[in-house]
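Report on one structure; see the data block that follows.
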Amino acid sequence: RELVARWAAPRLRNASAPELILDIGMGRGEDLLNIKRSCPVPLELHGIECYPPNVEHAQQQGIVVHSLDIERERLPYADASVDLIVANQIIEHTKEIFFIFSEMSRVLKTGGLAIVGVPNLASLHNRIALLLGLQPPGIRVLGPHVRGFTKNGFAEFLVTGGFFKLEEFAGSNFYPLPRPESQWMARLFPGLAVSSFYKLRRTGQSGTFVEALDEHLFETPYYRGPGDGDSMARTTTPQ
């Protein structure tokens, strides 16, 4: 959470008008509140969350909350209306990442930031488990995660189509070390850390991220958005 707030601060501290921050899958809103504490300027805090106790707690903190299915429903914001998006430890729970990032690219202002955190499939403890023939803890079959990400694989996805520019990458935590040793090792060897964080800048590329599907044929019916139905991409790339 400290990393998220640190990356957000330079964007917000010199703001001349209230900045709108959206946390997708915000939990209790801790990332939003951390950002608010680190940036003593007017901020509009918004979040997407469906778990009622989390919704109630966030609303008590002054956060505007919307409850929706981020894999099927459009974000309730106008095009280019959001200054900063946080998606911390949520993308690994989803399949429809093309639609999710398409909505992020739609609502984010040109030059706006997206801070994305995911578990690192290539973390040291996941590598050791796989070496021993065990299911990596970061993507248990009997568990909540349906996707696994390595730095190179996720970075390639994030910049496809030119809608986002990857500005920074960092690791956080290092199993099984305690703090502060854990954070020191994560800074030294981010590719082996438990979680990976990506700071993205919305470019001036027109359109939205889902258009990346037009360049590929994936043998799965990725969702393109309301009105489009469930459809395969229309063109193919060499296999």
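Labels for the structure tokens follow display order: chains A, B, ..., residues from 1 in each chain, ligands from 1.
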Skip Gly29 in chain A itself and residues of its chain fewer than 3 positions away, then list as an NGL selection string all residues within 8 Å of it, counting only C-alpha atoms. :A and (23 or 26 or 32-33 or 47 or 54 or 58 or 63)
Please identify the strand (DSSP E) residues within range 185-220 of chain A (assignment by DSSP from backbone atoms) and present them as a PDB file with N, CA, C and O atoms, in the first residue's frame.
```
ATOM      1  N   SER A 195       4.603  -9.961  -4.855  1.00  0.00           N
ATOM      2  CA  SER A 195       3.678  -9.203  -5.698  1.00  0.00           C
ATOM      3  C   SER A 195       4.443  -8.285  -6.634  1.00  0.00           C
ATOM      4  O   SER A 195       5.548  -7.840  -6.317  1.00  0.00           O
ATOM      5  N   SER A 196       3.826  -8.005  -7.782  1.00  0.00           N
ATOM      6  CA  SER A 196       4.409  -7.103  -8.772  1.00  0.00           C
ATOM      7  C   SER A 196       3.489  -5.908  -8.964  1.00  0.00           C
ATOM      8  O   SER A 196       2.265  -6.054  -8.973  1.00  0.00           O
ATOM      9  N   PHE A 197       4.093  -4.729  -9.133  1.00  0.00           N
ATOM     10  CA  PHE A 197       3.328  -3.504  -9.325  1.00  0.00           C
ATOM     11  C   PHE A 197       3.791  -2.799 -10.589  1.00  0.00           C
ATOM     12  O   PHE A 197       4.989  -2.735 -10.878  1.00  0.00           O
ATOM     13  N   TYR A 198       2.819  -2.251 -11.319  1.00  0.00           N
ATOM     14  CA  TYR A 198       3.052  -1.630 -12.612  1.00  0.00           C
ATOM     15  C   TYR A 198       2.431  -0.234 -12.611  1.00  0.00           C
ATOM     16  O   TYR A 198       1.234  -0.081 -12.351  1.00  0.00           O
ATOM     17  N   LYS A 199       3.235   0.784 -12.910  1.00  0.00           N
ATOM     18  CA  LYS A 199       2.716   2.144 -13.047  1.00  0.00           C
ATOM     19  C   LYS A 199       2.568   2.447 -14.527  1.00  0.00           C
ATOM     20  O   LYS A 199       3.556   2.479 -15.271  1.00  0.00           O
ATOM     21  N   LEU A 200       1.339   2.689 -14.936  1.00  0.00           N
ATOM     22  CA  LEU A 200       1.015   2.889 -16.345  1.00  0.00           C
ATOM     23  C   LEU A 200       0.551   4.314 -16.577  1.00  0.00           C
ATOM     24  O   LEU A 200      -0.138   4.908 -15.744  1.00  0.00           O
ATOM     25  N   ARG A 201       0.897   4.853 -17.729  1.00  0.00           N
ATOM     26  CA  ARG A 201       0.453   6.182 -18.146  1.00  0.00           C
ATOM     27  C   ARG A 201      -0.444   6.030 -19.372  1.00  0.00           C
ATOM     28  O   ARG A 201      -0.074   5.366 -20.344  1.00  0.00           O
ATOM     29  N   ARG A 202      -1.632   6.613 -19.316  1.00  0.00           N
ATOM     30  CA  ARG A 202      -2.530   6.568 -20.472  1.00  0.00           C
ATOM     31  C   ARG A 202      -1.960   7.450 -21.572  1.00  0.00           C
ATOM     32  O   ARG A 202      -1.695   8.636 -21.378  1.00  0.00           O
TER      33      ARG A 202
END
```
With range 114-137 of chain A as the partner and 8 Å as the cut-off, tabulate the residues of range 165-195 of chain A that qualify, each row holding the nearest pair of atoms and their distance in Å to one decimal, using only C-alpha atoms, sorted by chain and rising number, as a Markdown table.
```
| residue | atom | partner | partner_atom | distance |
| --- | --- | --- | --- | --- |
| A:Phe174 | CA | A:Leu124 | CA | 8.0 |
| A:Tyr175 | CA | A:His125 | CA | 6.6 |
| A:Gly191 | CA | A:Ser123 | CA | 6.7 |
| A:Leu192 | CA | A:Ser123 | CA | 4.1 |
| A:Ala193 | CA | A:Ser123 | CA | 5.1 |
| A:Val194 | CA | A:Ser123 | CA | 5.3 |
| A:Ser195 | CA | A:Pro119 | CA | 4.2 |
```
Restricting the calculation to only C-alpha atoms, which member of A:Gly171, A:Pro52, A:Gly112, A:Pro40 is positioned closest to Leu20 in chain A?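 Under the stated criterion, the closest residue is A:Gly112.
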Test item, alpha helix (DSSP H) assignment across range 37-131 of chain A, answer as a VMD selection string: chain A and resid 37 to 38 52 to 60 97 to 107 124 to 131
Counting only C-alpha atoms, what are the residues of range 111-210 of chain A within 12 Å of range 71-79 of chain A, and for each of them which pair of atoms is the nearest and at what distance in Å, to one decimal? Sort the table by chain and rising number, as a tab-separated table.
```
residue	atom	partner	partner_atom	distance
A:Ser206	CA	A:Asp79	CA	11.4
A:Gly207	CA	A:Asp79	CA	10.5
A:Thr208	CA	A:Asp79	CA	10.3
```
Counting only C-alpha atoms, which of A:Asn34, A:Thr150, A:Glu44, A:Ile97 gets nearest to Pro190 in chain A?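 Between A:Asn34, A:Thr150, A:Glu44, A:Ile97, the residue approaching Pro190 in chain A most closely is A:Thr150.
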Using only C-alpha atoms, can you tell me which of A:Ala87, A:Val141, A:Gly111, A:Ala170 comes closest to Leu188 in chain A?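 Residue with the minimum atom-to-atom distance to Leu188 in chain A: A:Ala170.
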Residue nearest Pro226 in chain A among A:Val86, A:Arg1, A:Glu103, A:Ile21 (counting only C-alpha atoms):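 Of A:Val86, A:Arg1, A:Glu103, A:Ile21, the one nearest Pro226 in chain A, counting only C-alpha atoms, is A:Glu103.
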Taken to one decimal, the CA of His66 in chain A-CA of Gly162 in chain A distance is 28.7 Å
Pick from A:Cys50, A:Leu217, A:Ala15, A:Leu108: nearest to Phe164 in chain A, with only C-alpha atoms counted?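 Result for the nearest residue to Phe164 in chain A: A:Leu108.
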Within 9 Å of Pro18 in chain A using only C-alpha atoms, minus same-chain residues under 4 positions, as a PyMOL selection string: chain A and resi 12+41-44
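Using only C-alpha atoms, the smallest distance between any of A:Trp7, A:Phe209, A:Gly148, A:Arg28 and Glu167 in chain A comes from A:Trp7.
Atom to atom, CA of Ala212 in chain A and CA of Arg106 in chain A stand 13.6 Å apart.
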CA of Arg11 in chain A to CA of Lys109 in chain A, straight-line distance in Å: 12.4 Å
